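Shown here: data_35.cif, mmCIF, C-alpha atoms.
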data_start
loop_
_atom_site.group_PDB
_atom_site.id
_atom_site.type_symbol
_atom_site.label_atom_id
_atom_site.label_comp_id
_atom_site.auth_asym_id
_atom_site.auth_seq_id
_atom_site.Cartn_x
_atom_site.Cartn_y
_atom_site.Cartn_z
ATOM 1 C CA MET P 608 -49.182 -32.186 73.725
ATOM 2 C CA LEU P 609 -51.195 -34.811 71.869
ATOM 3 C CA THR P 610 -49.082 -34.325 68.764
ATOM 4 C CA ASP P 611 -45.961 -35.334 70.711
ATOM 5 C CA LEU P 612 -47.382 -38.831 71.229
ATOM 6 C CA SER P 613 -46.413 -41.779 69.051
ATOM 7 C CA CYS P 614 -49.019 -42.942 66.530
ATOM 8 C CA ARG P 615 -49.736 -45.965 68.723
ATOM 9 C CA ASP P 616 -50.120 -43.867 71.880
ATOM 10 C CA PHE P 617 -52.337 -41.319 70.128
ATOM 11 C CA ALA P 618 -54.670 -44.103 68.998
ATOM 12 C CA LYS P 619 -54.659 -45.482 72.553
ATOM 13 C CA GLU P 620 -55.618 -42.073 73.964
ATOM 14 C CA LEU P 621 -58.322 -41.731 71.328
ATOM 15 C CA ALA P 622 -59.757 -45.093 72.372
ATOM 16 C CA SER P 623 -59.790 -44.219 76.088
ATOM 17 C CA LYS P 624 -62.633 -42.821 78.159
ATOM 18 C CA LYS P 625 -60.933 -39.418 78.230
ATOM 19 C CA PRO P 626 -62.840 -36.571 76.512
ATOM 20 C CA VAL P 627 -59.804 -35.603 74.418
ATOM 21 C CA PRO P 628 -58.628 -36.381 71.882
ATOM 22 C CA GLY P 629 -61.981 -36.856 70.206
ATOM 23 C CA GLY P 630 -63.524 -36.596 66.777
ATOM 24 C CA GLY P 631 -62.288 -33.069 66.182
ATOM 25 C CA GLY P 632 -58.668 -33.951 66.894
ATOM 26 C CA ALA P 633 -58.929 -37.140 64.863
ATOM 27 C CA ALA P 634 -60.316 -35.162 61.910
ATOM 28 C CA ALA P 635 -57.420 -32.705 62.073
ATOM 29 C CA MET P 636 -54.901 -35.553 62.260
ATOM 30 C CA VAL P 637 -56.410 -37.304 59.236
ATOM 31 C CA ALA P 638 -56.393 -34.010 57.336
ATOM 32 C CA ALA P 639 -52.716 -33.501 58.182
ATOM 33 C CA LEU P 640 -51.973 -36.941 56.722
ATOM 34 C CA GLY P 641 -53.945 -36.064 53.596
ATOM 35 C CA ALA P 642 -51.929 -32.875 53.174
ATOM 36 C CA ALA P 643 -48.668 -34.742 53.841
ATOM 37 C CA LEU P 644 -49.395 -37.136 50.990
ATOM 38 C CA ASN P 645 -49.572 -34.217 48.579
ATOM 39 C CA THR P 646 -46.164 -33.004 49.712
ATOM 40 C CA MET P 647 -44.776 -36.525 49.354
ATOM 41 C CA VAL P 648 -46.079 -36.763 45.790
ATOM 42 C CA ALA P 649 -44.620 -33.351 44.936
ATOM 43 C CA ASN P 650 -41.276 -34.272 46.524
ATOM 44 C CA PHE P 651 -41.166 -37.542 44.597
ATOM 45 C CA SER P 652 -41.967 -35.866 41.267
ATOM 46 C CA TYR P 653 -39.716 -32.853 41.854
ATOM 47 C CA GLY P 654 -36.641 -32.787 39.618
ATOM 48 C CA LYS P 655 -37.720 -35.769 37.531
ATOM 49 C CA LYS P 656 -36.720 -35.394 33.874
ATOM 50 C CA LYS P 657 -40.338 -35.640 32.726
ATOM 51 C CA PHE P 658 -41.354 -32.775 35.005
ATOM 52 C CA LEU P 659 -38.441 -30.343 34.779
ATOM 53 C CA ASP P 660 -40.685 -27.735 33.161
ATOM 54 C CA VAL P 661 -42.956 -27.721 36.249
ATOM 55 C CA LYS P 662 -40.185 -27.720 38.839
ATOM 56 C CA ASP P 663 -41.350 -24.356 40.205
ATOM 57 C CA ARG P 664 -44.893 -25.672 40.612
ATOM 58 C CA HIS P 665 -43.602 -28.648 42.579
ATOM 59 C CA GLU P 666 -41.593 -26.332 44.829
ATOM 60 C CA ASN P 667 -44.702 -24.255 45.409
ATOM 61 C CA LEU P 668 -46.776 -27.329 46.232
ATOM 62 C CA ILE P 669 -44.165 -28.516 48.703
ATOM 63 C CA HIS P 670 -44.011 -25.116 50.409
ATOM 64 C CA ARG P 671 -47.782 -24.692 50.679
ATOM 65 C CA GLY P 672 -48.286 -28.313 51.685
ATOM 66 C CA GLU P 673 -45.823 -28.093 54.553
ATOM 67 C CA ILE P 674 -47.566 -24.993 55.890
ATOM 68 C CA LEU P 675 -50.971 -26.680 55.741
ATOM 69 C CA ARG P 676 -49.680 -29.857 57.358
ATOM 70 C CA GLU P 677 -48.294 -27.895 60.302
ATOM 71 C CA LYS P 678 -51.495 -25.885 60.691
ATOM 72 C CA LEU P 679 -53.576 -29.051 60.725
ATOM 73 C CA MET P 680 -51.275 -30.741 63.232
ATOM 74 C CA ASP P 681 -51.609 -27.690 65.484
ATOM 75 C CA LEU P 682 -55.389 -28.090 65.302
ATOM 76 C CA VAL P 683 -55.149 -31.529 66.923
ATOM 77 C CA ASP P 684 -53.979 -29.828 70.118
ATOM 78 C CA LYS P 685 -56.099 -26.717 69.582
ATOM 79 C CA ASP P 686 -59.269 -28.808 69.424
ATOM 80 C CA ALA P 687 -58.413 -30.433 72.760
ATOM 81 C CA GLU P 688 -57.462 -27.060 74.264
ATOM 82 C CA PHE P 689 -60.866 -25.575 73.418
ATOM 83 C CA PHE P 690 -62.852 -28.623 74.540
ATOM 84 C CA GLU P 691 -61.572 -28.606 78.115
ATOM 85 C CA PRO P 692 -63.139 -25.256 79.141
ATOM 86 C CA LEU P 693 -66.337 -26.255 77.317
ATOM 87 C CA SER P 694 -66.630 -29.475 79.308
ATOM 88 C CA LYS P 695 -66.047 -27.495 82.522
ATOM 89 C CA ALA P 696 -68.712 -24.972 81.493
ATOM 90 C CA TYR P 697 -71.285 -27.747 81.061
ATOM 91 C CA ALA P 698 -70.495 -28.869 84.627
ATOM 92 C CA MET P 699 -71.086 -25.419 86.149
ATOM 93 C CA PRO P 700 -73.924 -25.173 88.691
ATOM 94 C CA SER P 701 -77.292 -23.914 87.491
ATOM 95 C CA ASP P 702 -79.508 -24.017 90.574
ATOM 96 C CA THR P 703 -80.264 -20.288 90.775
ATOM 97 C CA GLU P 704 -81.188 -17.831 88.045
ATOM 98 C CA GLU P 705 -77.845 -16.062 88.468
ATOM 99 C CA GLU P 706 -75.963 -19.352 88.149
ATOM 100 C CA LYS P 707 -77.956 -20.174 85.029
ATOM 101 C CA ARG P 708 -77.103 -16.802 83.522
ATOM 102 C CA VAL P 709 -73.383 -17.092 84.262
ATOM 103 C CA LYS P 710 -73.303 -20.680 83.045
ATOM 104 C CA ASN P 711 -75.008 -19.819 79.765
ATOM 105 C CA GLU P 712 -72.726 -16.828 79.129
ATOM 106 C CA THR P 713 -69.685 -19.021 79.749
ATOM 107 C CA LEU P 714 -71.073 -21.787 77.578
ATOM 108 C CA GLN P 715 -71.742 -19.451 74.665
ATOM 109 C CA LYS P 716 -68.157 -18.162 74.693
ATOM 110 C CA CYS P 717 -66.746 -21.685 74.952
ATOM 111 C CA LEU P 718 -69.009 -23.026 72.201
ATOM 112 C CA MET P 719 -67.877 -20.330 69.785
ATOM 113 C CA ALA P 720 -64.245 -21.059 70.613
ATOM 114 C CA ALA P 721 -64.836 -24.801 70.233
ATOM 115 C CA CYS P 722 -66.433 -24.155 66.831
ATOM 116 C CA SER P 723 -63.345 -22.413 65.501
ATOM 117 C CA ALA P 724 -61.071 -25.474 65.473
ATOM 118 C CA PRO P 725 -63.263 -27.714 63.259
ATOM 119 C CA MET P 726 -64.018 -24.722 61.025
ATOM 120 C CA GLU P 727 -60.287 -24.266 60.499
ATOM 121 C CA THR P 728 -59.930 -28.006 59.846
ATOM 122 C CA LEU P 729 -62.614 -27.664 57.189
ATOM 123 C CA LYS P 730 -60.906 -24.697 55.558
ATOM 124 C CA PHE P 731 -57.390 -26.117 55.610
ATOM 125 C CA SER P 732 -58.642 -29.504 54.362
ATOM 126 C CA TYR P 733 -60.307 -27.711 51.468
ATOM 127 C CA ASP P 734 -57.058 -25.869 50.722
ATOM 128 C CA ALA P 735 -55.157 -29.173 50.774
ATOM 129 C CA ILE P 736 -57.641 -30.713 48.334
ATOM 130 C CA LEU P 737 -56.851 -27.848 45.954
ATOM 131 C CA LEU P 738 -53.166 -28.821 46.173
ATOM 132 C CA HIS P 739 -54.023 -32.365 45.126
ATOM 133 C CA GLU P 740 -56.121 -30.975 42.276
ATOM 134 C CA GLU P 741 -53.030 -29.139 41.060
ATOM 135 C CA ALA P 742 -50.723 -32.105 41.583
ATOM 136 C CA VAL P 743 -52.753 -34.788 39.818
ATOM 137 C CA ASN P 744 -51.612 -33.806 36.308
ATOM 138 C CA ILE P 745 -47.974 -33.102 37.173
ATOM 139 C CA SER P 746 -47.099 -36.203 39.162
ATOM 140 C CA SER P 747 -45.420 -39.485 38.372
ATOM 141 C CA LYS P 748 -47.858 -42.292 37.614
ATOM 142 C CA ASN P 749 -45.847 -44.503 39.971
ATOM 143 C CA ILE P 750 -47.109 -42.470 42.932
ATOM 144 C CA ILE P 751 -50.366 -41.001 41.605
ATOM 145 C CA SER P 752 -52.401 -43.370 43.788
ATOM 146 C CA ASP P 753 -51.302 -41.300 46.796
ATOM 147 C CA VAL P 754 -53.082 -38.276 45.342
ATOM 148 C CA GLY P 755 -56.250 -40.376 45.391
ATOM 149 C CA VAL P 756 -55.598 -41.522 48.938
ATOM 150 C CA GLY P 757 -54.856 -37.936 49.961
ATOM 151 C CA VAL P 758 -58.137 -36.505 48.702
ATOM 152 C CA GLN P 759 -60.096 -39.351 50.267
ATOM 153 C CA LEU P 760 -58.499 -38.646 53.651
ATOM 154 C CA LEU P 761 -59.203 -34.937 53.265
ATOM 155 C CA LYS P 762 -62.785 -35.580 52.201
ATOM 156 C CA ALA P 763 -63.298 -37.739 55.307
ATOM 157 C CA ALA P 764 -61.681 -35.037 57.447
ATOM 158 C CA MET P 765 -64.013 -32.389 56.020
ATOM 159 C CA ASN P 766 -67.121 -34.457 56.703
ATOM 160 C CA SER P 767 -65.874 -35.219 60.209
ATOM 161 C CA ALA P 768 -65.030 -31.593 60.974
ATOM 162 C CA TYR P 769 -68.461 -30.552 59.670
ATOM 163 C CA LEU P 770 -70.128 -32.765 62.284
ATOM 164 C CA ASN P 771 -68.066 -31.091 65.000
ATOM 165 C CA VAL P 772 -69.130 -27.676 63.720
ATOM 166 C CA LEU P 773 -72.792 -28.701 63.796
ATOM 167 C CA ILE P 774 -72.753 -30.152 67.303
ATOM 168 C CA ASN P 775 -71.400 -26.870 68.668
ATOM 169 C CA LEU P 776 -73.651 -24.639 66.571
ATOM 170 C CA ASN P 777 -76.741 -26.468 67.826
ATOM 171 C CA SER P 778 -76.221 -24.982 71.295
ATOM 172 C CA ILE P 779 -75.248 -21.450 70.257
ATOM 173 C CA ASP P 780 -77.901 -18.814 70.966
ATOM 174 C CA ASP P 781 -76.660 -16.258 68.435
ATOM 175 C CA GLU P 782 -78.743 -17.264 65.426
ATOM 176 C CA TYR P 783 -76.942 -14.918 63.034
ATOM 177 C CA TYR P 784 -73.550 -16.324 64.017
ATOM 178 C CA ALA P 785 -74.786 -19.920 63.812
ATOM 179 C CA LYS P 786 -76.403 -19.379 60.409
ATOM 180 C CA ALA P 787 -73.295 -17.711 58.947
ATOM 181 C CA MET P 788 -70.978 -20.430 60.272
ATOM 182 C CA LYS P 789 -73.208 -23.225 59.009
ATOM 183 C CA GLU P 790 -73.504 -21.694 55.542
ATOM 184 C CA GLU P 791 -69.727 -21.281 55.302
ATOM 185 C CA ALA P 792 -69.151 -24.847 56.502
ATOM 186 C CA GLU P 793 -71.663 -26.205 53.990
ATOM 187 C CA ARG P 794 -70.088 -24.221 51.167
ATOM 188 C CA LEU P 795 -66.613 -25.525 51.943
ATOM 189 C CA LEU P 796 -67.855 -29.092 52.344
ATOM 190 C CA GLU P 797 -69.877 -29.140 49.126
ATOM 191 C CA GLU P 798 -67.111 -27.604 47.018
ATOM 192 C CA GLY P 799 -64.382 -29.661 48.678
ATOM 193 C CA GLU P 800 -66.243 -32.933 48.160
ATOM 194 C CA ARG P 801 -66.897 -32.080 44.510
ATOM 195 C CA ILE P 802 -63.230 -31.367 43.779
ATOM 196 C CA ALA P 803 -62.050 -34.382 45.796
ATOM 197 C CA ASP P 804 -64.366 -36.671 43.832
ATOM 198 C CA GLU P 805 -63.170 -35.236 40.520
ATOM 199 C CA VAL P 806 -59.515 -35.685 41.479
ATOM 200 C CA TYR P 807 -60.161 -39.225 42.695
ATOM 201 C CA GLU P 808 -61.829 -40.126 39.390
ATOM 202 C CA GLN P 809 -58.856 -38.661 37.524
ATOM 203 C CA VAL P 810 -56.533 -40.887 39.519
ATOM 204 C CA VAL P 811 -58.674 -43.954 38.822
ATOM 205 C CA THR P 812 -58.672 -43.124 35.092
ATOM 206 C CA ILE P 813 -54.891 -42.651 35.024
ATOM 207 C CA LEU P 814 -54.306 -45.954 36.816
ATOM 208 C CA SER P 815 -56.760 -47.782 34.553
ATOM 209 C CA HIS P 816 -54.794 -47.019 31.381
#
Kindly return the structure encoded in the file as structure tokens.
Amino acid sequence: MLTDLSCRDFAKELASKKPVPGGGGAAAMVAALGAALNTMVANFSYGKKKFLDVKDRHENLIHRGEILREKLMDLVDKDAEFFEPLSKAYAMPSDTEEEKRVKNETLQKCLMAACSAPMETLKFSYDAILLHEEAVNISSKNIISDVGVGVQLLKAAMNSAYLNVLINLNSIDDEYYAKAMKEEAERLLEEGERIADEVYEQVVTILSH
């Protein structure tokens, strides 16, 4: 499992000539770190005298953040799991018409599966950005910078996952499926970037006063 590796070993694997981990797994890992920062901020602020009236909200943020972090970490391995059969499908023979047909059918199934991991990274990154949006006004100023770091990581993860969605969609024959997936990815990315930018500016304003 890629997620069982140390940080140093994961980076080493990422830098190698091996096909996995790749951009999709890296995006999921970055997103998991962005979600983890929200939980850290909520944990740090939880129970502080200034925030006793929002203790329940901090508990909720911690609970939701831990779920998202685990889901995103799982996607690091899921992305690699889906890429392997796709790479094998591309290597299938295509000398005869029958081989071409079988290869294309296999490719289409693998491409759709490979698309699902970055789409989930996009969705869960968006959900994690919403947690930061909620946390920014109920967090200690001493750690508010980590909300800004968190949304920047999640924004980068969303943009990265979007590229992995596109590269798979470009080879999918089902135009209706490809169009629907692209529109959903674009919607998540546009809205997620907007909220991330707003939260980041809030953090900058708080730290500037």
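Considering the residues P:Ile745, P:Leu738, P:Ala633, P:Val806 and counting only C-alpha atoms, Tyr653 in chain P has its shortest atom-to-atom contact with P:Ile745.
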On this structure, the PyMOL selection byres ((chain P and resi 621) around 12) would catch which residues? List them as a VMD selection string, sorted by chain and number. chain P and resid 609 612 614 to 620 622 to 634 636 683 687
With range 663-670 of chain P as the partner and 10 Å as the cut-off, tabulate the residues of range 636-659 of chain P that qualify, each row holding the nearest pair of atoms and their distance in Å to one decimal, using all atoms listed in the file, sorted by chain and rising number, as JSON lines.
{"residue": "P:Ala642", "atom": "CA", "partner": "P:Ile669", "partner_atom": "CA", "distance": 10.0}
{"residue": "P:Ala643", "atom": "CA", "partner": "P:Ile669", "partner_atom": "CA", "distance": 9.2}
{"residue": "P:Asn645", "atom": "CA", "partner": "P:Leu668", "partner_atom": "CA", "distance": 7.8}
{"residue": "P:Thr646", "atom": "CA", "partner": "P:Ile669", "partner_atom": "CA", "distance": 5.0}
{"residue": "P:Met647", "atom": "CA", "partner": "P:Ile669", "partner_atom": "CA", "distance": 8.1}
{"residue": "P:Val648", "atom": "CA", "partner": "P:Ile669", "partner_atom": "CA", "distance": 9.0}
{"residue": "P:Ala649", "atom": "CA", "partner": "P:His665", "partner_atom": "CA", "distance": 5.4}
{"residue": "P:Asn650", "atom": "CA", "partner": "P:Ile669", "partner_atom": "CA", "distance": 6.8}
{"residue": "P:Phe651", "atom": "CA", "partner": "P:His665", "partner_atom": "CA", "distance": 9.4}
{"residue": "P:Ser652", "atom": "CA", "partner": "P:His665", "partner_atom": "CA", "distance": 7.5}
{"residue": "P:Tyr653", "atom": "CA", "partner": "P:His665", "partner_atom": "CA", "distance": 5.8}
{"residue": "P:Gly654", "atom": "CA", "partner": "P:His665", "partner_atom": "CA", "distance": 8.6}
{"residue": "P:Phe658", "atom": "CA", "partner": "P:His665", "partner_atom": "CA", "distance": 8.9}
{"residue": "P:Leu659", "atom": "CA", "partner": "P:Asp663", "partner_atom": "CA", "distance": 8.6}
Which is closest to Ile813 in chain P among P:Ile750, P:Ala763, P:Met788, P:Leu693, if we use all atoms listed in the file?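 Looking at the shortest contact to Ile813 in chain P, the residue is P:Ile750.
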What separates CA of Ser767 in chain P and CA of Arg676 in chain P is a distance of 17.3 Å
Residues matched by the PyMOL selection byres ((chain P and resi 712) around 12) as an mmCIF file with C-alpha atoms, in the coordinates of the input:
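Contents of selection05.cif, freshly written:
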data_model
loop_
_atom_site.group_PDB
_atom_site.id
_atom_site.type_symbol
_atom_site.label_atom_id
_atom_site.label_comp_id
_atom_site.auth_asym_id
_atom_site.auth_seq_id
_atom_site.Cartn_x
_atom_site.Cartn_y
_atom_site.Cartn_z
ATOM 1 C CA LEU P 693 -66.337 -26.255 77.317
ATOM 2 C CA ALA P 696 -68.712 -24.972 81.493
ATOM 3 C CA TYR P 697 -71.285 -27.747 81.061
ATOM 4 C CA MET P 699 -71.086 -25.419 86.149
ATOM 5 C CA SER P 701 -77.292 -23.914 87.491
ATOM 6 C CA GLU P 705 -77.845 -16.062 88.468
ATOM 7 C CA GLU P 706 -75.963 -19.352 88.149
ATOM 8 C CA LYS P 707 -77.956 -20.174 85.029
ATOM 9 C CA ARG P 708 -77.103 -16.802 83.522
ATOM 10 C CA VAL P 709 -73.383 -17.092 84.262
ATOM 11 C CA LYS P 710 -73.303 -20.680 83.045
ATOM 12 C CA ASN P 711 -75.008 -19.819 79.765
ATOM 13 C CA THR P 713 -69.685 -19.021 79.749
ATOM 14 C CA LEU P 714 -71.073 -21.787 77.578
ATOM 15 C CA GLN P 715 -71.742 -19.451 74.665
ATOM 16 C CA LYS P 716 -68.157 -18.162 74.693
ATOM 17 C CA CYS P 717 -66.746 -21.685 74.952
ATOM 18 C CA LEU P 718 -69.009 -23.026 72.201
ATOM 19 C CA MET P 719 -67.877 -20.330 69.785
ATOM 20 C CA SER P 778 -76.221 -24.982 71.295
ATOM 21 C CA ILE P 779 -75.248 -21.450 70.257
ATOM 22 C CA ASP P 780 -77.901 -18.814 70.966
ATOM 23 C CA ASP P 781 -76.660 -16.258 68.435
#
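Distance check against Leu640 in chain P using all atoms listed in the file: of P:Glu677, P:Asp660, P:Glu793, P:Glu688, the minimum falls on P:Glu677.
Across P:Val772, P:Lys762, P:Leu682, P:Ala639, the tightest approach to Lys786 in chain P is made by P:Val772 when counting only C-alpha atoms.
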Tell me, in Å to one decimal, how far CA of Ser746 in chain P is from CA of Glu808 in chain P.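 If I compute the distance from CA of Ser746 in chain P to CA of Glu808 in chain P, I get 15.2 Å.
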Could you state the separation of CA of Thr610 in chain P and CA of Pro725 in chain P in Å, given to one decimal place?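 Pair CA of Thr610 in chain P / CA of Pro725 in chain P returns 16.6 Å.
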Would you write out, as a list in words, every residue that the PyMOL selection byres ((chain P and resi 811) around 12) captures in this file?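 With the shown file as input, the PyMOL selection byres ((chain P and resi 811) around 12) matches Val743, Lys748, Ile751, Ser752, Asp753, Val754, Gly755, Val756, Asp804, Glu805, Val806, Tyr807, Glu808, Gln809, Val810, Thr812, Ile813, Leu814, Ser815 and His816 of chain P.
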Just checking: using all atoms listed in the file, which residue out of P:Phe731, P:Asp702, P:Ala803, P:Lys685 ends up closest to Glu673 in chain P?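 Using all atoms listed in the file, the shortest distance to Glu673 in chain P belongs to P:Phe731.
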Show me, as a PyMOL selection string, the residues that have an atom within 12 Å of Leu796 in chain P when counting only C-alpha atoms, minus same-chain residues fewer than 2 positions from it. chain P and resi 725-726+728-734+736+761-770+772+789-794+798-804
Which residue, P:Leu760, P:Met608, P:Ile774, P:Cys722, has the smallest gap to Ala735 in chain P when you use only C-alpha atoms?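 Among the listed residues, P:Leu760 lies closest to Ala735 in chain P.
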